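Following: one structure in structure tokens, then a few remarks.
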Amino acid sequence: MIGTSTLYTLAGVLLFGMGLYALIAYPHLLRKILAMNVMGTGVFMVLISIAYQGPTQRADPIPHALVITGIVVAVCATGLALTLATRIQALTGSARLETDEEA
Amino acid sequence: MIFETAFWLPIGIMAPLLAALCTFLAPQRMSPLVTMIGAGITFVAVGFLSASLVRNGPARHTVGGWGAPLGIDLAVDGLAALMLMLTAVVGAAVALYAYGYFNFSGHGEETKRRYASFWPLWLFLWSALNALFLSRDVFNLYVTLELVSFAAVALTALAGKPDVLRAAMRYLLVSLVGSLFYLMGVAYLYGEFGVLDIDQLKKTVTATPSLAAAAALMTVGLMMKTALFPLHFWLPPAHANAIAPVSALLSALVVKGSFYILLRAWLEIFYPLSHTGAPYLLTGLGGAAILWGSLQAIRQVRLKLLIAYSTVAQIGYLFLLTPLLFVKEQSPIALSGIVCFILAHAGAKAAAFLSAGAIQLVTGDDRISSLRGLMQMQPLAVVAFGAAGVSLAALPPSGGFIAKWFMLHAALAHGDRLVAAIIVVGGLLAAIYVMRVVAPLFRQPDDAVLHRLTLAPKTMTLTALGLAVLALLLSFAGIPVMEMLSIGAVGILGIE
Amino acid sequence: MDWESSLPLLLFLSSFAPGLVIFFLEEEAHTTRTVLNLFGALLKLALLAIMVPGLLERKVYETRLPLLPEIDLVLRADSLSVLFIVLSASLWLVTTIYAIGYLEYSPNRSRFFGFFSLCVSSTMGIALAGNPLTFLIFYEMLTICTYPLVVHRGTPQAMHGGRVYLAYTLSGGVVLLIGVIGLYVLAGPVEFVDGGALDAIGAQSPEALRWLYPFFIVGFGVKAALVPLHGWLPRAMVAPAPVSALLHAVAVVKAGAFGIVRVIYDLYGINLAHALGLIDPLLIAAAITIVVGSLFALNQDDLKKRLAYSTVSQVSYIILGAATFGLFGAIGGLLHLVHQGVMKITLFFCAGNFAETLGIHKVSEMDGVGRRMPLTMAAFTIAALGMIGVPPTAGFISKWFLGVGSLQAQNDWVLGVLLTSSLLNAAYFLPILYRGWFKSQQGEWPEEHIYGRMETHWMLLFPPAVTGAFVLLLGLLANLPLGLLRWVEFLILLEYRL
């Protein structure tokens with residue numbers, strides 16, 4: 001029987017993997033940025049499942065602190081990525097990384 | 001108080017950060033001045049920090065008085081101090097160069113306005129790098145890694161052209177994925193050992209599957225950021241398309257930041273795994289990077305791409321000796337070799353990019369075929385490139401040679417002839433790609449072309465030359481580096 | 001650092017510092033550049049003059065700078081290095097005068113004289129190097145500083161010559177690096193010592209020393225132009241005449257030969273090298289080079305190329321002497337180190353004069369040149385006769401010693417090699433002399449310049465006149481007390497531990 005905590009850990013790893021796949025597979029920048037956020041969520045889920053210390057004990061606060069910080073970092077990263085993406089869209093007319101010759 | 005090492009630790013991080021904020025408050029034309037003041041204070045802080053480290057030994061600063069395990073600690077030892085000094089010296093030189101570069105008459109008004117963001121971004125980068133070198137907490141290292149990436153990506157995008165924006169975007173995505181891999185590794189470490197402070201981890205780690213998973217995740221993540229072959233694909237376009245001072249910062253300092261964490265992680269956290277195949281895998285990738293990167297560099301037709309591929313190759317040297325770091329007799333020599341290499345490569349590569357930038361401003365494009373006869377026009381820039389090339393090809397007298405000497409000595413004393421052969425062949429290949437640039441510079445110039453060229457400002461050529469001379473003078477760095485590394489004894493000596 | 005121990009460093013800096021300053025001079029600063037050049041060259045000779053009395057009392061001057069754990073950067077003036085330094089310092093002075101006359105009004109002067117000084121400084125470093133690592137550092141520095149001189153003209157041929165030069169010498173440098181680092185890994189910190197430094201290791205692991213030996217010989221052999229590693233030398237002939245003169249007489253080629261001498265005498269030690277059976281293969285390589293180089297020289301119509309192949313052959317006399325076990329051969333080899341330098345530099349000065357004054361580059365254009373430029377042709381004749389080994393020139397003395405040495409070492413066949421080579425030398429030098437003196441001029445000179453009443457510019461005429469006179473004096477006065485022969489005897493007795 002898999003414990004709840006382990007289940008969450010596995011789900012987090014799965015999300016991480018799905019995000020990574022999407023990041024590599026889809027050319028559109030918005031999808032890539034979303035995929036990157038999904039990956040991040042996967043890591044946060046693993047961290048939160050680590051905080052679980054059994055039904056009787058209080059959850060470990062440190063991973064929560066890490067997740068909060070991580071979210072802040074992720075917001076900044078997303079902001080920067082979106083700015084770059086819109087700029088690329090404005091200059092080249094398409095929000096993709098490949099140039100026309102490569103595509 | 002000013003003679004206490006711990007006093008200077010936060011100043012080294014805060015001074016550039018505050019200066020960066022001030023550049024937003026002050027009028028834009030004051031930015032260079034504010035930057036220079038901030039840089040000056042940081043320079044002094046790093047100087048005092050290192051001097052007091054040498055006198056009083058390693059020191060810690062508990063941020064906010066909390067202390068590990070709950071709080072975050074900053075600490076300095078010989079290795080960290082060397083990286084701080086390197087960043088200060090190379091960074092200050094690049095800033096001087098940037099001042100000349102941005103004031104060059106050839107740029108339009110709009111371009112100049114965009115370039116004004118260089119100053120705060122560079123200060124943010126410096127602050128983040130200093131925080132990275134001083135942090136003793138694996139999670140805080142993740143934060144510093146991200147800060148470094150954000151500043152670096154924004155600096156890359158400064159050039160503003162579509163090519164460079166795409167390169168910056170790719171750089172950002174790879175960098176973020178690398179950081180997330182790293183963070184996943186941190187989660188595994190915390191889940192298994194319950195601490196994040198490196199000194200506490202060092203005492204508690206054992207060779208468990210979780211440690212192996214953490215090692216794999218963190219190593220892959222940091223390999224991406226360090227651009228170790230075959231994860232180097234993002235580096236050449238980003239480094240080659242950025243403006244020259246940014247290229248210099250990226251190649252000389254930023255890739256070294258993530259490598260620094262990787263080095264520390266293996267020496268202080270993952271050392272129970274040293275008998276596995278992982279260190280040898282890193283050696284293999286390093287060797288492949290040297291050969292692949294050099295061959296690519298030889299094939300390039302654009303000057304800055306050539307230098308960027310040279311960075312891909314030179315990064316390989318950093319990984320070549322990983323297994324020897326865990327062999328007691330060779331460890332100090334191998335570590336000294338790696339650190340000397342970081343210093344020498346930073347000086348030489350920055351000088352190469354800066355002189356290439358000066359040449360590029362003069363010729364207007366960066367094809368290698370346009371370099372013909374420029375020795376007569378820009379002798380200082382050419383001599384700077386040549387001297388940097390001497391260090392890159394690890395020819396004596398240069399810091400690159402001393403680093404290679406340490407590496408060869410460690411490899412041969414341990415009987416690794418293949419590693420020694422790769423080091424030697426890599427040096428010859430480097431000489432070939434350097435000569436591809438230097439030879440046309442000495443050709444007879446085409447007078448018609450020369451007459452319509454304008455000269456690059458002296459501030460640019462002289463800073464490039466200064467860094468190149470520094471790379472040569474690092475010939476004498478061998479003993480000081482070894483002595484510095486013994487302060488706080490990173491690595492195998494510190495574990496026992 | 002006290003005064004005496006800083007002397008070797010000053011000897012290096014006396015050309016290094018002026019070289020660095022010259023880089024930053026404006027092209028038009030003729031006087032400053034000339035003064036700096038001559039000041040450096042004279043200062044070097046003055047420093048040497050200060051050291052000679054001490055050296056006669058067997059004092060050793062040494063500068064040490066910490067470089068690596070247990071390995072210092074050692075600059076040491078011992079009797080062997082002083083031999084090489086005296087040669088290069090004096091020839092640098094005359095070559096500088098010559099180069100000023102030759103190039104002071106052509107483009108890129110600052111760059112040329114800057115690298116020229118660095119090149120000489122590297123040679124000083126090589127001469128003074130007290131251990132293999134120091135030697136290696138200056139040896140590679142010489143490679144790098146010479147490249148801009150070889151490609152100075154910037155023409156496609158010059159670039160090609162430079163590329164070939166670098167390909168050969170950098171590869172040679174890598175081979176040498178492997179040898180040097182292998183030696184340090186095997187034997188720990190090693191320094192050059194009169195008579196050899198590896199006796200203990202030789203007794204312990206002779207096999208390892210046999211393995212390392214080829215790395216040293218190939219590493220140095222590239223610059224010393226041992227056949228088949230000589231390919232770069234004729235192509236590097238595209239360099240301006242003063243560069244060729246310096247390259248052939250003191251700097252690059254000599255550095256290689258000097259390296260081999262150092263390895264045999266002061267690293268392995270002649271006794272150990274003989275005991276390990278290492279010198280006989282080298283003797284054979286030198287003999288082959290002597291004959292093959294001369295054979296190649298026969299067919300060259302280009303005067304400088306003929307001289308280049310002649311260098312290939314003549315430098316190996318030095319190696320031949322070092323590889324001959326016995327006092328006479330050894331003395332002959334070291335004497336030739338100096339004699340070849342003086343003779344070859346004279347020949348190149350003269351070739352440069354013919355090219356610069358009359359536009360003559362080929363042997364076939366030299367008919368009647370003796371009448372137009374008698375002094376230059378006279379200097380050329382003396383040096384050429386020296387190369388052949390005609391008494392009473394300097395060349396005769398070294399060949400005599402080498403011949404006696406071969407008999408003493410019971411290598412009778414070497415005598416045959418020496419005789420063959422002398423005949424070949426005569427075969428490629430005598431036709432030049434015949435054309436110059438006895439044939440009459442055919443039509444106009446290819447490109448004539450008139451320099452007043454003199455046959456050419458005095459700065460071009462003075463250097464070959466001086467060195468040509470020395471070719472005679474070194475032969476006639478060989479036996480003077482305090483003369484070169486005495487010095488070399490003193491040295492060889494040290495090396496043979498007698």
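Here's how to read the names in the structure tokens: chain A, B, ... by the order shown, residue numbers from 1 in each chain, ligand numbers from 1 in the order shown.
Excluding Val488 (chain C) itself and any same-chain residue fewer than 6 positions from it, the protein and nucleic acid residues within 12 Å of it, counting only C-alpha atoms, are Ser79, Leu80, Ser81, Val82, Leu83, Phe84, Leu327, Phe328, Gly329, Ala330, Ile331, Gly332, Gly333, Leu334, Leu335, His336, Leu337, Val338, Ser398, Phe401, Ala478, Asn479, Pro481, Leu482, Leu494 and Glu495 of chain C.
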Can you write just those residues out, N, CA and C atoms, as a compact mmCIF listing (two decimals), in the first residue's frame?
# COMPACT_ATOMS: atom_id res chain seq x y z
N SER C 79 78.85 28.37 -16.58
CA SER C 79 79.82 28.56 -17.66
C SER C 79 79.22 28.26 -19.03
N LEU C 80 78.33 27.26 -19.12
CA LEU C 80 77.75 26.94 -20.42
C LEU C 80 76.79 28.04 -20.88
N SER C 81 75.97 28.54 -19.93
CA SER C 81 75.03 29.58 -20.37
C SER C 81 75.76 30.83 -20.79
N VAL C 82 76.87 31.15 -20.09
CA VAL C 82 77.57 32.38 -20.44
C VAL C 82 78.14 32.29 -21.86
N LEU C 83 78.57 31.09 -22.25
CA LEU C 83 79.06 30.91 -23.62
C LEU C 83 77.99 31.33 -24.63
N PHE C 84 76.76 30.84 -24.40
CA PHE C 84 75.66 31.13 -25.30
C PHE C 84 75.25 32.60 -25.21
N LEU C 327 86.70 14.09 -25.09
CA LEU C 327 86.92 15.52 -24.87
C LEU C 327 87.01 16.30 -26.18
N PHE C 328 87.74 15.76 -27.15
CA PHE C 328 87.99 16.55 -28.35
C PHE C 328 86.71 16.82 -29.13
N GLY C 329 85.92 15.78 -29.30
CA GLY C 329 84.66 15.95 -30.02
C GLY C 329 83.77 16.96 -29.32
N ALA C 330 83.72 16.85 -27.99
CA ALA C 330 82.87 17.75 -27.22
C ALA C 330 83.31 19.19 -27.39
N ILE C 331 84.62 19.39 -27.33
CA ILE C 331 85.15 20.75 -27.50
C ILE C 331 84.79 21.26 -28.89
N GLY C 332 84.95 20.40 -29.90
CA GLY C 332 84.62 20.81 -31.26
C GLY C 332 83.16 21.24 -31.39
N GLY C 333 82.26 20.47 -30.75
CA GLY C 333 80.83 20.77 -30.85
C GLY C 333 80.51 22.14 -30.27
N LEU C 334 81.04 22.39 -29.05
CA LEU C 334 80.73 23.67 -28.40
C LEU C 334 81.37 24.84 -29.13
N LEU C 335 82.60 24.61 -29.64
CA LEU C 335 83.24 25.67 -30.43
C LEU C 335 82.37 26.02 -31.63
N HIS C 336 81.78 24.98 -32.24
CA HIS C 336 80.98 25.23 -33.43
C HIS C 336 79.70 25.99 -33.09
N LEU C 337 79.23 25.82 -31.85
CA LEU C 337 78.06 26.60 -31.41
C LEU C 337 78.31 28.08 -31.63
N VAL C 338 79.52 28.51 -31.27
CA VAL C 338 79.87 29.92 -31.45
C VAL C 338 80.26 30.20 -32.89
N SER C 398 86.88 24.23 -35.40
CA SER C 398 85.87 23.32 -34.86
C SER C 398 85.86 22.00 -35.61
N PHE C 401 88.74 19.77 -34.41
CA PHE C 401 88.46 19.12 -33.13
C PHE C 401 87.45 17.99 -33.29
N ALA C 478 92.75 31.43 -31.77
CA ALA C 478 92.01 30.46 -30.96
C ALA C 478 92.73 30.12 -29.67
N ASN C 479 94.03 30.15 -29.72
CA ASN C 479 94.79 29.61 -28.60
C ASN C 479 95.18 30.65 -27.56
N PRO C 481 95.33 32.95 -24.28
CA PRO C 481 94.82 32.77 -22.93
C PRO C 481 93.53 33.56 -22.80
N LEU C 482 92.57 33.08 -22.07
CA LEU C 482 91.25 33.69 -21.95
C LEU C 482 90.45 33.64 -23.25
N LEU C 494 84.50 20.31 -16.82
CA LEU C 494 83.43 20.27 -15.82
C LEU C 494 82.39 19.22 -16.18
N GLU C 495 81.97 19.24 -17.46
CA GLU C 495 80.90 18.34 -17.87
C GLU C 495 81.33 16.88 -17.78
Using only C-alpha atoms, determine which residues lie at most 8 Å from region 174-179 of chain B, disregarding the query and same-chain residues fewer than 3 positions distant; provide the list as a PDB file with C-alpha atoms, in the first residue's frame.
ATOM      1  CA  LEU A  20       9.936  18.707 -19.257  1.00  0.00           C
ATOM      2  CA  MET A  36       8.235  25.370 -17.215  1.00  0.00           C
ATOM      3  CA  ALA A  77      11.114  33.875 -14.094  1.00  0.00           C
TER       4      ALA A  77
ATOM      5  CA  TYR B 142      19.254  27.784  -5.814  1.00  0.00           C
ATOM      6  CA  LEU B 145      21.596  30.592  -9.240  1.00  0.00           C
ATOM      7  CA  GLU B 146      18.282  32.024 -10.418  1.00  0.00           C
ATOM      8  CA  SER B 149      20.508  33.645 -14.566  1.00  0.00           C
ATOM      9  CA  ARG B 170      16.728  29.751 -25.137  1.00  0.00           C
ATOM     10  CA  TYR B 171      19.316  30.589 -22.527  1.00  0.00           C
ATOM     11  CA  TYR B 182      18.827  21.423  -9.100  1.00  0.00           C
ATOM     12  CA  LEU B 183      15.852  22.249  -6.875  1.00  0.00           C
ATOM     13  CA  VAL B 220      22.533  17.431 -14.650  1.00  0.00           C
ATOM     14  CA  GLY B 221      20.969  20.768 -13.734  1.00  0.00           C
ATOM     15  CA  LEU B 222      24.318  22.411 -13.125  1.00  0.00           C
ATOM     16  CA  MET B 223      25.803  20.809 -16.251  1.00  0.00           C
ATOM     17  CA  MET B 224      23.114  22.556 -18.270  1.00  0.00           C
ATOM     18  CA  LYS B 225      23.964  25.896 -16.724  1.00  0.00           C
ATOM     19  CA  TRP B 234      22.480  27.184 -25.911  1.00  0.00           C
TER      20      TRP B 234
END
task: Please provide the set of residues having any atom within 12 Å of Val63 (chain B), restricted to only C-alpha atoms, with same-chain residues fewer than 2 positions apart removed, written as a list in words.
output: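 In the requested format, the answer is Ala6, Phe7, Leu9, Pro10, Ile11, Ile13, Arg60, His61, Gly65, Trp66, Gly67, Ala68, Pro69, Leu70, Gly71, Ile72, Asp73, Leu74, Ala75, Ala131, Leu134, Ser135, Arg136, Asp137 and Asn140 of chain B.
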For the interface of chain A with chain B (cut-off 7 Å, counting only C-alpha atoms), please tabulate each contacting residue of chain A alongside its nearest pair of atoms and their separation in Å to one decimal, rows sorted by chain and increasing number, as JSON lines.
{"residue": "A:Gly40", "atom": "CA", "partner": "B:Leu180", "partner_atom": "CA", "distance": 6.4}
{"residue": "A:Val43", "atom": "CA", "partner": "B:Met184", "partner_atom": "CA", "distance": 5.6}
{"residue": "A:Val46", "atom": "CA", "partner": "B:Ala187", "partner_atom": "CA", "distance": 7.0}
{"residue": "A:Leu47", "atom": "CA", "partner": "B:Ala187", "partner_atom": "CA", "distance": 5.6}
{"residue": "A:Ile50", "atom": "CA", "partner": "B:Gly191", "partner_atom": "CA", "distance": 5.7}
{"residue": "A:Ala81", "atom": "CA", "partner": "B:Met169", "partner_atom": "CA", "distance": 6.9}
{"residue": "A:Leu84", "atom": "CA", "partner": "B:Met169", "partner_atom": "CA", "distance": 6.5}
{"residue": "A:Ile88", "atom": "CA", "partner": "B:Leu165", "partner_atom": "CA", "distance": 6.4}
{"residue": "A:Leu91", "atom": "CA", "partner": "B:Pro162", "partner_atom": "CA", "distance": 6.4}
{"residue": "A:Thr92", "atom": "CA", "partner": "B:Pro162", "partner_atom": "CA", "distance": 6.7}
{"residue": "A:Leu97", "atom": "CA", "partner": "B:Arg166", "partner_atom": "CA", "distance": 5.7}
query: Any idea what's packed within 6 Å of region 273-288 of chain B, counting only C-alpha atoms, ignoring anything in its chain fewer than 3 positions away? Could you give it as a PyMOL selection string?
result: chain B and resi 270+291-292+316+319-320+322-323
message: Could you pull out the helix (DSSP H, G or I) residues of region 265-376 of chain C, going by DSSP on the backbone, and write them as JSON, numbers by chain?
response: {"C": [265, 266, 267, 268, 270, 271, 272, 273, 274, 275, 279, 280, 281, 282, 283, 284, 285, 286, 287, 288, 289, 290, 291, 292, 293, 294, 295, 296, 297, 298, 303, 304, 305, 306, 307, 308, 309, 310, 311, 312, 313, 314, 315, 316, 317, 318, 319, 320, 321, 322, 327, 328, 329, 330, 331, 332, 333, 334, 335, 336, 337, 338, 339, 340, 341, 342, 343, 344, 345, 346, 347, 348, 349, 350, 351, 352, 353, 354, 355, 356, 357, 358, 363, 364, 365, 369, 370, 371, 372, 374, 375, 376]}
Residues of chain B at most 8 Å from chain C: nearest atom pair and distance in Å, only C-alpha atoms, as JSON lines:
{"residue": "B:Gln376", "atom": "CA", "partner": "C:Asn108", "partner_atom": "CA", "distance": 7.2}
{"residue": "B:Leu395", "atom": "CA", "partner": "C:Glu140", "partner_atom": "CA", "distance": 6.8}
{"residue": "B:Pro396", "atom": "CA", "partner": "C:Ile137", "partner_atom": "CA", "distance": 5.1}
{"residue": "B:Pro397", "atom": "CA", "partner": "C:Ile137", "partner_atom": "CA", "distance": 5.9}
{"residue": "B:Trp405", "atom": "CA", "partner": "C:Ile181", "partner_atom": "CA", "distance": 7.6}
{"residue": "B:Leu408", "atom": "CA", "partner": "C:Ile181", "partner_atom": "CA", "distance": 7.4}
{"residue": "B:His409", "atom": "CA", "partner": "C:Val185", "partner_atom": "CA", "distance": 6.6}
{"residue": "B:Leu412", "atom": "CA", "partner": "C:Val185", "partner_atom": "CA", "distance": 7.1}
{"residue": "B:Ala413", "atom": "CA", "partner": "C:Val185", "partner_atom": "CA", "distance": 5.9}
{"residue": "B:Val424", "atom": "CA", "partner": "C:Val174", "partner_atom": "CA", "distance": 6.9}
{"residue": "B:Leu428", "atom": "CA", "partner": "C:Ser171", "partner_atom": "CA", "distance": 7.5}
{"residue": "B:Ala439", "atom": "CA", "partner": "C:Met159", "partner_atom": "CA", "distance": 7.1}
{"residue": "B:Phe442", "atom": "CA", "partner": "C:Gly154", "partner_atom": "CA", "distance": 5.8}
{"residue": "B:Arg443", "atom": "CA", "partner": "C:Gly154", "partner_atom": "CA", "distance": 4.1}
{"residue": "B:Gln444", "atom": "CA", "partner": "C:Gly154", "partner_atom": "CA", "distance": 4.5}
{"residue": "B:Ser475", "atom": "CA", "partner": "C:Leu67", "partner_atom": "CA", "distance": 7.4}
{"residue": "B:Phe476", "atom": "CA", "partner": "C:Leu67", "partner_atom": "CA", "distance": 5.4}
{"residue": "B:Ala477", "atom": "CA", "partner": "C:Leu67", "partner_atom": "CA", "distance": 7.6}
{"residue": "B:Gly478", "atom": "CA", "partner": "C:Leu68", "partner_atom": "CA", "distance": 5.4}
{"residue": "B:Ile479", "atom": "CA", "partner": "C:Leu68", "partner_atom": "CA", "distance": 5.5}
Limited to all heavy atoms, could you put the picked residues into a file as a short mmCIF file (atom, residue, chain, number, x, y, z; two decimals), in the first residue's frame?
data_model
loop_
_atom_site.label_atom_id
_atom_site.label_comp_id
_atom_site.auth_asym_id
_atom_site.auth_seq_id
_atom_site.Cartn_x
_atom_site.Cartn_y
_atom_site.Cartn_z
N GLN B 376 47.83 46.65 -38.11
CA GLN B 376 48.32 48.02 -38.28
C GLN B 376 47.38 49.05 -37.70
O GLN B 376 47.80 50.10 -37.26
CB GLN B 376 48.53 48.30 -39.77
CG GLN B 376 49.77 47.63 -40.28
CD GLN B 376 50.11 48.10 -41.67
OE1 GLN B 376 49.71 49.16 -42.09
NE2 GLN B 376 50.87 47.29 -42.37
N LEU B 395 49.94 27.99 -23.65
CA LEU B 395 51.37 28.08 -23.92
C LEU B 395 52.02 28.92 -22.83
O LEU B 395 51.41 29.86 -22.33
CB LEU B 395 51.60 28.74 -25.27
CG LEU B 395 51.16 27.92 -26.48
CD1 LEU B 395 51.17 28.77 -27.73
CD2 LEU B 395 52.07 26.73 -26.65
N PRO B 396 53.24 28.61 -22.44
CA PRO B 396 53.89 29.45 -21.46
C PRO B 396 54.37 30.74 -22.11
O PRO B 396 54.63 30.74 -23.30
CB PRO B 396 55.08 28.61 -21.00
CG PRO B 396 55.39 27.71 -22.14
CD PRO B 396 54.08 27.49 -22.86
N PRO B 397 54.57 31.82 -21.39
CA PRO B 397 54.24 31.98 -19.97
C PRO B 397 52.81 32.48 -19.82
O PRO B 397 52.52 33.56 -20.28
CB PRO B 397 55.23 33.07 -19.54
CG PRO B 397 55.47 33.87 -20.78
CD PRO B 397 55.17 33.01 -21.97
N TRP B 405 49.80 22.59 -16.47
CA TRP B 405 50.91 21.88 -15.84
C TRP B 405 50.40 21.09 -14.63
O TRP B 405 50.71 19.90 -14.47
CB TRP B 405 51.99 22.89 -15.42
CG TRP B 405 53.14 22.26 -14.72
CD1 TRP B 405 53.26 22.00 -13.38
CD2 TRP B 405 54.34 21.75 -15.31
NE1 TRP B 405 54.45 21.39 -13.11
CE2 TRP B 405 55.14 21.22 -14.28
CE3 TRP B 405 54.81 21.71 -16.63
CZ2 TRP B 405 56.38 20.65 -14.51
CZ3 TRP B 405 56.06 21.14 -16.85
CH2 TRP B 405 56.82 20.63 -15.81
N LEU B 408 48.29 18.16 -15.92
CA LEU B 408 49.11 17.09 -16.50
C LEU B 408 49.85 16.35 -15.41
O LEU B 408 49.96 15.12 -15.43
CB LEU B 408 50.11 17.69 -17.48
CG LEU B 408 49.62 17.93 -18.90
CD1 LEU B 408 50.68 18.66 -19.69
CD2 LEU B 408 49.29 16.62 -19.57
N HIS B 409 50.36 17.11 -14.45
CA HIS B 409 51.12 16.48 -13.37
C HIS B 409 50.25 15.51 -12.60
O HIS B 409 50.62 14.36 -12.36
CB HIS B 409 51.68 17.57 -12.45
CG HIS B 409 52.80 17.09 -11.59
ND1 HIS B 409 52.60 16.25 -10.51
CD2 HIS B 409 54.13 17.29 -11.65
CE1 HIS B 409 53.76 15.98 -9.95
NE2 HIS B 409 54.71 16.58 -10.62
N LEU B 412 49.32 12.43 -14.93
CA LEU B 412 50.42 11.48 -15.19
C LEU B 412 50.86 10.79 -13.92
O LEU B 412 51.17 9.60 -13.93
CB LEU B 412 51.60 12.21 -15.84
CG LEU B 412 51.42 12.55 -17.31
CD1 LEU B 412 52.62 13.29 -17.85
CD2 LEU B 412 51.19 11.28 -18.13
N ALA B 413 50.86 11.52 -12.80
CA ALA B 413 51.27 10.89 -11.55
C ALA B 413 50.29 9.78 -11.17
O ALA B 413 50.65 8.81 -10.51
CB ALA B 413 51.36 11.93 -10.43
N VAL B 424 46.83 17.63 -23.85
CA VAL B 424 47.84 18.07 -24.80
C VAL B 424 47.22 18.36 -26.17
O VAL B 424 47.47 19.41 -26.77
CB VAL B 424 48.94 16.98 -24.90
CG1 VAL B 424 49.80 17.22 -26.11
CG2 VAL B 424 49.77 16.98 -23.64
N LEU B 428 46.81 21.94 -28.54
CA LEU B 428 47.18 22.15 -29.95
C LEU B 428 46.00 22.64 -30.77
O LEU B 428 46.13 23.55 -31.60
CB LEU B 428 47.70 20.84 -30.56
CG LEU B 428 49.18 20.54 -30.34
CD1 LEU B 428 49.56 19.25 -31.01
CD2 LEU B 428 50.04 21.67 -30.87
N ALA B 439 46.39 34.96 -37.59
CA ALA B 439 47.12 35.02 -38.87
C ALA B 439 46.60 36.11 -39.80
O ALA B 439 47.39 36.92 -40.29
CB ALA B 439 47.11 33.65 -39.54
N PHE B 442 47.80 39.68 -39.27
CA PHE B 442 49.15 40.06 -39.65
C PHE B 442 49.32 40.24 -41.16
O PHE B 442 50.38 40.61 -41.62
CB PHE B 442 50.15 39.00 -39.16
CG PHE B 442 50.56 39.18 -37.74
CD1 PHE B 442 49.95 38.47 -36.73
CD2 PHE B 442 51.56 40.08 -37.40
CE1 PHE B 442 50.32 38.64 -35.41
CE2 PHE B 442 51.94 40.25 -36.09
CZ PHE B 442 51.32 39.54 -35.10
N ARG B 443 48.27 39.93 -41.91
CA ARG B 443 48.43 40.03 -43.36
C ARG B 443 48.56 41.48 -43.79
O ARG B 443 48.21 42.40 -43.07
CB ARG B 443 47.24 39.39 -44.06
CG ARG B 443 47.33 37.88 -44.09
CD ARG B 443 46.16 37.29 -44.80
NE ARG B 443 46.07 37.76 -46.19
CZ ARG B 443 45.00 37.54 -46.94
NH1 ARG B 443 43.99 36.88 -46.48
NH2 ARG B 443 44.98 37.99 -48.18
N GLN B 444 49.07 41.64 -45.00
CA GLN B 444 49.16 42.99 -45.55
C GLN B 444 47.77 43.57 -45.66
O GLN B 444 46.87 42.94 -46.19
CB GLN B 444 49.77 42.93 -46.94
CG GLN B 444 51.23 43.22 -46.93
CD GLN B 444 51.82 43.06 -48.31
OE1 GLN B 444 51.19 42.57 -49.23
NE2 GLN B 444 53.06 43.46 -48.45
N SER B 475 50.87 33.29 -14.60
CA SER B 475 51.98 32.32 -14.57
C SER B 475 52.47 32.11 -13.15
O SER B 475 52.90 31.03 -12.77
CB SER B 475 53.19 32.85 -15.34
OG SER B 475 52.90 32.99 -16.67
N PHE B 476 52.43 33.19 -12.37
CA PHE B 476 52.98 33.11 -11.03
C PHE B 476 51.89 32.81 -10.00
O PHE B 476 52.11 32.96 -8.81
CB PHE B 476 53.71 34.41 -10.68
CG PHE B 476 54.95 34.61 -11.49
CD1 PHE B 476 54.94 35.41 -12.61
CD2 PHE B 476 56.12 33.96 -11.15
CE1 PHE B 476 56.08 35.56 -13.39
CE2 PHE B 476 57.26 34.10 -11.90
CZ PHE B 476 57.25 34.92 -13.03
N ALA B 477 50.70 32.40 -10.47
CA ALA B 477 49.58 32.20 -9.55
C ALA B 477 49.62 30.85 -8.86
O ALA B 477 48.92 30.63 -7.88
CB ALA B 477 48.26 32.35 -10.29
N GLY B 478 50.43 29.93 -9.36
CA GLY B 478 50.41 28.56 -8.85
C GLY B 478 50.51 28.46 -7.34
O GLY B 478 49.65 27.87 -6.68
N ILE B 479 51.53 29.06 -6.78
CA ILE B 479 51.76 28.92 -5.34
C ILE B 479 50.71 29.70 -4.54
O ILE B 479 50.12 29.15 -3.61
CB ILE B 479 53.20 29.32 -4.99
CG1 ILE B 479 54.13 28.26 -5.56
CG2 ILE B 479 53.38 29.47 -3.50
CD1 ILE B 479 55.57 28.54 -5.37
#
message: Show me, as an NGL selection string, the residues that have an atom within 12 Å of Cys22 (chain B) when counting only C-alpha atoms, minus same-chain residues fewer than 6 positions from it.
response: :B and (15-16 or 28 or 30-38 or 119-121 or 123-124)
task: Just the residues within 10 Å of Phe44 (chain A), please, counting only C-alpha atoms, with nothing from its chain fewer than 4 positions along; format it as a PyMOL selection string.
output: (chain A and resi 9+12-13+16+38-40+48-50+63-64+66-68+70-71) or (chain B and resi 180+183-184+187)
